[in-house]
Every structure is written in structure tokens, then in C-alpha cells.
$ cat run34.json   # JSON, C-alpha atoms
[["chain", "number", "residue", "atom", "x", "y", "z"],
["A", 1, "MET", "CA", -23.21, -6.04, 14.11],
["A", 2, "ILE", "CA", -20.45, -3.68, 15.19],
["A", 3, "HIS", "CA", -19.30, -1.30, 12.48],
["A", 4, "PRO", "CA", -15.72, -0.01, 12.60],
["A", 5, "GLN", "CA", -14.76, 3.64, 12.43],
["A", 6, "ARG", "CA", -13.29, 4.16, 8.93],
["A", 7, "ILE", "CA", -9.89, 5.90, 8.84],
["A", 8, "GLU", "CA", -10.09, 8.80, 6.42],
["A", 9, "PRO", "CA", -7.45, 8.38, 3.69],
["A", 10, "GLN", "CA", -4.94, 11.17, 3.09],
["A", 11, "PRO", "CA", -3.87, 12.17, -0.44],
["A", 12, "GLY", "CA", -2.21, 9.20, -2.13],
["A", 13, "GLN", "CA", -3.87, 6.66, 0.19],
["A", 14, "GLU", "CA", -6.70, 4.17, -0.30],
["A", 15, "SER", "CA", -9.22, 3.09, 2.30],
["A", 16, "VAL", "CA", -10.14, -0.57, 2.37],
["A", 17, "TRP", "CA", -13.66, 0.66, 3.13],
["A", 18, "ASP", "CA", -13.84, 2.01, -0.44],
["A", 19, "TYR", "CA", -13.04, -1.42, -1.89],
["A", 20, "PRO", "CA", -16.03, -3.36, -3.27],
["A", 21, "ARG", "CA", -17.87, -6.47, -2.17],
["A", 22, "PRO", "CA", -17.80, -8.72, -4.10],
["A", 23, "PRO", "CA", -14.08, -8.12, -4.58],
["A", 24, "ARG", "CA", -12.49, -6.59, -7.67],
["A", 25, "LEU", "CA", -9.46, -7.88, -9.57],
["A", 26, "GLU", "CA", -7.05, -5.15, -10.64],
["A", 27, "ARG", "CA", -3.78, -5.27, -12.59],
["A", 28, "SER", "CA", -0.76, -3.87, -10.72],
["A", 29, "SER", "CA", 2.59, -2.79, -12.11],
["A", 30, "LYS", "CA", 4.11, -2.19, -8.67],
["A", 31, "GLU", "CA", 7.33, -4.11, -8.07],
["A", 32, "ILE", "CA", 6.64, -7.08, -5.79],
["A", 33, "LYS", "CA", 9.56, -8.79, -4.08],
["A", 34, "ILE", "CA", 9.39, -11.67, -1.59],
["A", 35, "VAL", "CA", 12.31, -13.00, 0.42],
["A", 36, "PHE", "CA", 12.27, -16.38, 2.16],
["A", 37, "ASN", "CA", 15.25, -17.67, 4.14],
["A", 38, "GLU", "CA", 17.63, -15.25, 2.36],
["A", 39, "ILE", "CA", 16.32, -16.33, -1.07],
["A", 40, "THR", "CA", 14.47, -13.90, -3.32],
["A", 41, "ILE", "CA", 11.66, -16.19, -4.43],
["A", 42, "VAL", "CA", 9.56, -13.51, -6.19],
["A", 43, "SER", "CA", 10.41, -10.48, -8.27],
["A", 44, "SER", "CA", 7.56, -9.24, -10.42],
["A", 45, "SER", "CA", 5.87, -6.13, -11.74],
["A", 46, "ASN", "CA", 3.25, -8.14, -13.61],
["A", 47, "THR", "CA", 0.77, -8.93, -10.85],
["A", 48, "TYR", "CA", -2.87, -8.58, -9.96],
["A", 49, "ARG", "CA", -4.33, -7.50, -6.69],
["A", 50, "VAL", "CA", -7.69, -8.42, -5.23],
["A", 51, "LEU", "CA", -9.48, -5.59, -3.47],
["A", 52, "GLU", "CA", -12.27, -6.46, -1.04],
["A", 53, "THR", "CA", -14.10, -4.35, 1.53],
["A", 54, "SER", "CA", -12.24, -4.24, 4.87],
["A", 55, "HIS", "CA", -9.23, -6.20, 3.58],
["A", 56, "PRO", "CA", -5.81, -4.92, 2.52],
["A", 57, "PRO", "CA", -4.90, -5.97, -1.04],
["A", 58, "VAL", "CA", -3.77, -9.50, -1.79],
["A", 59, "TYR", "CA", -1.24, -9.75, -4.64],
["A", 60, "TYR", "CA", -1.41, -12.63, -7.12],
["A", 61, "ILE", "CA", 1.84, -13.39, -8.91],
["A", 62, "PRO", "CA", 2.33, -15.35, -12.15],
["A", 63, "PRO", "CA", 4.28, -18.60, -11.70],
["A", 64, "GLU", "CA", 6.88, -17.52, -14.28],
["A", 65, "ASP", "CA", 7.96, -14.72, -11.89],
["A", 66, "ILE", "CA", 8.38, -17.13, -8.97],
["A", 67, "GLU", "CA", 11.29, -19.45, -8.16],
["A", 68, "MET", "CA", 8.96, -22.48, -8.30],
["A", 69, "GLU", "CA", 11.71, -25.02, -7.52],
["A", 70, "TYR", "CA", 11.25, -24.13, -3.83],
["A", 71, "PHE", "CA", 7.55, -25.08, -3.84],
["A", 72, "GLN", "CA", 5.76, -28.39, -3.39],
["A", 73, "PRO", "CA", 2.00, -29.01, -3.45],
["A", 74, "ALA", "CA", 0.74, -29.00, 0.14],
["A", 75, "ASN", "CA", -1.04, -31.98, 1.68],
["A", 76, "SER", "CA", -3.72, -29.66, 3.06],
["A", 77, "ARG", "CA", -7.33, -30.06, 1.98],
["A", 78, "GLY", "CA", -7.54, -26.59, 0.43],
["A", 79, "SER", "CA", -10.13, -23.94, 1.16],
["A", 80, "PHE", "CA", -13.13, -22.31, -0.46],
["A", 81, "CYS", "CA", -13.68, -18.65, -1.33],
["A", 82, "GLU", "CA", -17.23, -17.67, -2.18],
["A", 83, "TRP", "CA", -15.89, -15.30, -4.88],
["A", 84, "LYS", "CA", -12.91, -17.13, -6.36],
["A", 85, "GLY", "CA", -13.66, -20.83, -5.79],
["A", 86, "VAL", "CA", -11.54, -23.68, -4.40],
["A", 87, "ALA", "CA", -7.95, -22.81, -3.43],
["A", 88, "GLY", "CA", -5.01, -25.16, -3.40],
["A", 89, "TYR", "CA", -1.85, -24.56, -1.36],
["A", 90, "TYR", "CA", 1.91, -24.83, -1.69],
["A", 91, "ASP", "CA", 4.51, -25.57, 0.95],
["A", 92, "LEU", "CA", 7.77, -23.65, 0.62],
["A", 93, "SER", "CA", 11.23, -24.94, 1.49],
["A", 94, "GLY", "CA", 14.71, -23.57, 1.03],
["A", 95, "LYS", "CA", 18.00, -23.85, 2.89],
["A", 96, "ASP", "CA", 16.59, -26.41, 5.37],
["A", 97, "LYS", "CA", 13.55, -24.30, 6.28],
["A", 98, "LEU", "CA", 9.97, -25.41, 5.57],
["A", 99, "VAL", "CA", 6.77, -23.36, 5.75],
["A", 100, "GLN", "CA", 3.54, -25.24, 5.23],
["A", 101, "ASN", "CA", 0.69, -23.60, 3.31],
["A", 102, "ALA", "CA", 2.88, -20.59, 2.50],
["A", 103, "ALA", "CA", 1.01, -19.69, -0.69],
["A", 104, "TRP", "CA", -2.32, -20.43, -2.32],
["A", 105, "TYR", "CA", -3.72, -20.48, -5.86],
["A", 106, "TYR", "CA", -6.88, -21.20, -7.82],
["A", 107, "ALA", "CA", -6.53, -23.88, -10.50],
["A", 108, "GLN", "CA", -10.13, -23.41, -11.67],
["A", 109, "PRO", "CA", -11.34, -20.04, -10.38],
["A", 110, "THR", "CA", -14.78, -18.62, -11.01],
["A", 111, "PRO", "CA", -15.22, -16.84, -14.37],
["A", 112, "GLU", "CA", -14.64, -13.39, -12.84],
["A", 113, "PHE", "CA", -11.20, -14.46, -11.60],
["A", 114, "GLN", "CA", -9.96, -16.67, -14.46],
["A", 115, "THR", "CA", -7.22, -14.14, -15.19],
["A", 116, "ILE", "CA", -5.37, -15.32, -12.06],
["A", 117, "THR", "CA", -5.61, -19.04, -12.79],
["A", 118, "ASN", "CA", -2.59, -20.69, -11.08],
["A", 119, "TYR", "CA", -1.17, -17.35, -9.92],
["A", 120, "LEU", "CA", 0.18, -17.58, -6.37],
["A", 121, "ALA", "CA", -0.72, -15.39, -3.40],
["A", 122, "PHE", "CA", 1.46, -15.35, -0.28],
["A", 123, "TYR", "CA", 0.92, -14.88, 3.43],
["A", 124, "PRO", "CA", 3.37, -12.08, 4.26],
["A", 125, "SER", "CA", 3.42, -13.28, 7.88],
["A", 126, "LYS", "CA", 5.05, -16.52, 6.73],
["A", 127, "MET", "CA", 7.80, -14.86, 4.67],
["A", 128, "ASP", "CA", 10.96, -13.13, 5.90],
["A", 129, "ALA", "CA", 10.02, -10.01, 3.96],
["A", 130, "CYS", "CA", 7.55, -8.86, 1.32],
["A", 131, "TYR", "CA", 7.96, -5.56, -0.50],
["A", 132, "VAL", "CA", 5.73, -3.37, -2.66],
["A", 133, "ASP", "CA", 7.78, -0.85, -4.65],
["A", 134, "GLY", "CA", 10.57, -1.23, -2.08],
["A", 135, "GLU", "CA", 8.33, -0.69, 0.97],
["A", 136, "LEU", "CA", 8.33, -3.46, 3.58],
["A", 137, "VAL", "CA", 4.83, -4.91, 3.93],
["A", 138, "LYS", "CA", 3.05, -5.36, 7.23],
["A", 139, "ALA", "CA", 0.98, -8.57, 7.35],
["A", 140, "GLN", "CA", -2.76, -8.42, 7.90],
["A", 141, "ALA", "CA", -3.64, -9.70, 11.37],
["A", 142, "GLY", "CA", -5.22, -13.13, 11.73],
["A", 143, "ASP", "CA", -4.15, -16.54, 10.50],
["A", 144, "PHE", "CA", -6.90, -16.67, 7.88],
["A", 145, "TYR", "CA", -5.98, -13.51, 6.00],
["A", 146, "GLY", "CA", -3.18, -12.75, 3.56],
["A", 147, "GLY", "CA", -3.51, -9.01, 3.00],
["A", 148, "TRP", "CA", -0.52, -6.75, 2.40],
["A", 149, "ILE", "CA", -0.51, -3.48, 4.36],
["A", 150, "THR", "CA", 1.58, -0.57, 3.10],
["A", 151, "THR", "CA", 1.55, 3.11, 4.06],
["A", 152, "ASP", "CA", -0.80, 3.93, 1.17],
["A", 153, "ILE", "CA", -3.55, 1.63, 2.54],
["A", 154, "VAL", "CA", -5.68, 2.58, 5.58],
["A", 155, "GLY", "CA", -8.24, 0.57, 7.58],
["A", 156, "PRO", "CA", -9.21, -0.54, 10.07],
["A", 157, "PHE", "CA", -8.62, -4.02, 8.67],
["A", 158, "LYS", "CA", -10.56, -7.26, 9.01],
["A", 159, "GLY", "CA", -8.58, -9.67, 11.18],
["A", 160, "GLU", "CA", -7.73, -7.18, 13.91],
["A", 161, "VAL", "CA", -8.99, -7.78, 17.45],
["A", 162, "GLY", "CA", -12.74, -7.18, 17.59],
["A", 163, "SER", "CA", -13.30, -7.48, 13.83],
["A", 164, "TRP", "CA", -14.97, -10.92, 13.75],
["A", 165, "GLY", "CA", -18.49, -9.54, 13.25],
["A", 166, "TRP", "CA", -17.69, -7.14, 10.40]]

$ encode --input "run34.json" --output "C-alpha cells"
Amino acid sequence: MIHPQRIEPQPGQESVWDYPRPPRLERSSKEIKIVFNEITIVSSSNTYRVLETSHPPVYYIPPEDIEMEYFQPANSRGSFCEWKGVAGYYDLSGKDKLVQNAAWYYAQPTPEFQTITNYLAFYPSKMDACYVDGELVKAQAGDFYGGWITTDIVGPFKGEVGSWGW
């Protein structure tokens, strides 16, 4: 197995290589904003983030802080996470634009993650813009991942070219 060269974090930064496996759930009071097709669909400072070795954080947002009228249950089969359980997906549409499987959630997560039951997580690559405390997020590479990269997070990150065997 190839092991990546960890980027040393500077003051005020976190390394994804210091995150645990299995992942940890952590409350976040950072302001999360998501824009889709000129519509602010999320504005919340009451979120959780999941921290897992080699992955940038994934933010989980309570449905009451989301403009849920733009979401429909997806026809996809869902997916399985060994730590959180079976995920369901939502399609997102607004102003004549549709994105399939734009967000996912856990209706019956494992006991360790019950706090985020029905909270939604978003693929930043499928949104027009995602922000953490006003900073524009960079999407984690790879179609499978939904991590949010900001300047206070350093990698290298799972999903980048050559990271399959990590």
C-alpha cells in the first residue's frame, strides 16, 4: 500500500491525517451557506461535521435549516457506509435546473451517528457554491466523496489521483 506524504498543518489548520478511523462526529457552529441556481438553499450554524482519516470534513445540516421544498427523494438505490449505515439520497431542483443525488442522509444511522438522523450532507461539486464562515469551499476530488476543503484543512486528501490504495 502506498502511503501519502502528510502535509504539516500550520497554526490554525487541521490535518486530515490527524482525524480518526472510525470517524468522529463533532458539533460545528461555523456558518454554513449553500447556493444552488441563485437560491440560498442552506443557511445554518447548527451543524455537525464528520471527521475521518484522509477525508476533508463532511457537514451534516438539520432539515429545518434547509429550503426542503426544492428537494425530492431520489430514485437511486442508496449506498452503504460501514460506519453510519444505509444512506438515502435527494434530488435537488430549482429554477428549471435538476441535480440528481445532490445530497444524502441517514434515516436509521448506527447508534454512534444517531444525532444526525435525517440531517443532509451535500456534494459541494454539485452546488454553485458552498461556504464555511464565508469562505468558498473547494470540493473533494472524486465522484464518491463529499468532503469540504477550506484553507484551514490540509491533506493530501483521499479521492485525489493516486489515492485509491490509501

$ closest_residue --input "run34.json" --among "A:Thr40, A:His55, A:Tyr145, A:Asn46" --to "Glu67 (chain A)" --atoms "only C-alpha atoms"
A:Thr40

$ closest_residue --input "run34.json" --among "A:Ile66, A:Ile149, A:Ala102, A:Leu120" --to "Val132 (chain A)" --atoms "all atoms listed in the file"
A:Ile149

$ closest_residue --input "run34.json" --among "A:Gly78, A:Pro124, A:Gly147, A:Gly94" --to "Ser54 (chain A)" --atoms "all atoms listed in the file"
A:Gly147

$ closest_residue --input "run34.json" --among "A:Tyr60, A:Tyr131, A:Phe80, A:Phe157" --to "Asn118 (chain A)" --atoms "all atoms listed in the file"
A:Tyr60

$ residues_around --input "run34.json" --residues "Gln10 (chain A)" --least-positions-apart "4" --cutoff "9 Å" --atoms "all atoms listed in the file" --output "CSV table (one decimal) with C-alpha atoms, in the frame of the given file"
chain,number,residue,atom,x,y,z
A,14,GLU,CA,-6.7,4.2,-0.3
A,152,ASP,CA,-0.8,3.9,1.2
A,154,VAL,CA,-5.7,2.6,5.6

$ atom_distance --input "run34.json" --atom1 "CA of Val35 (chain A)" --atom2 "CA of Ala107 (chain A)"
24.3 Å
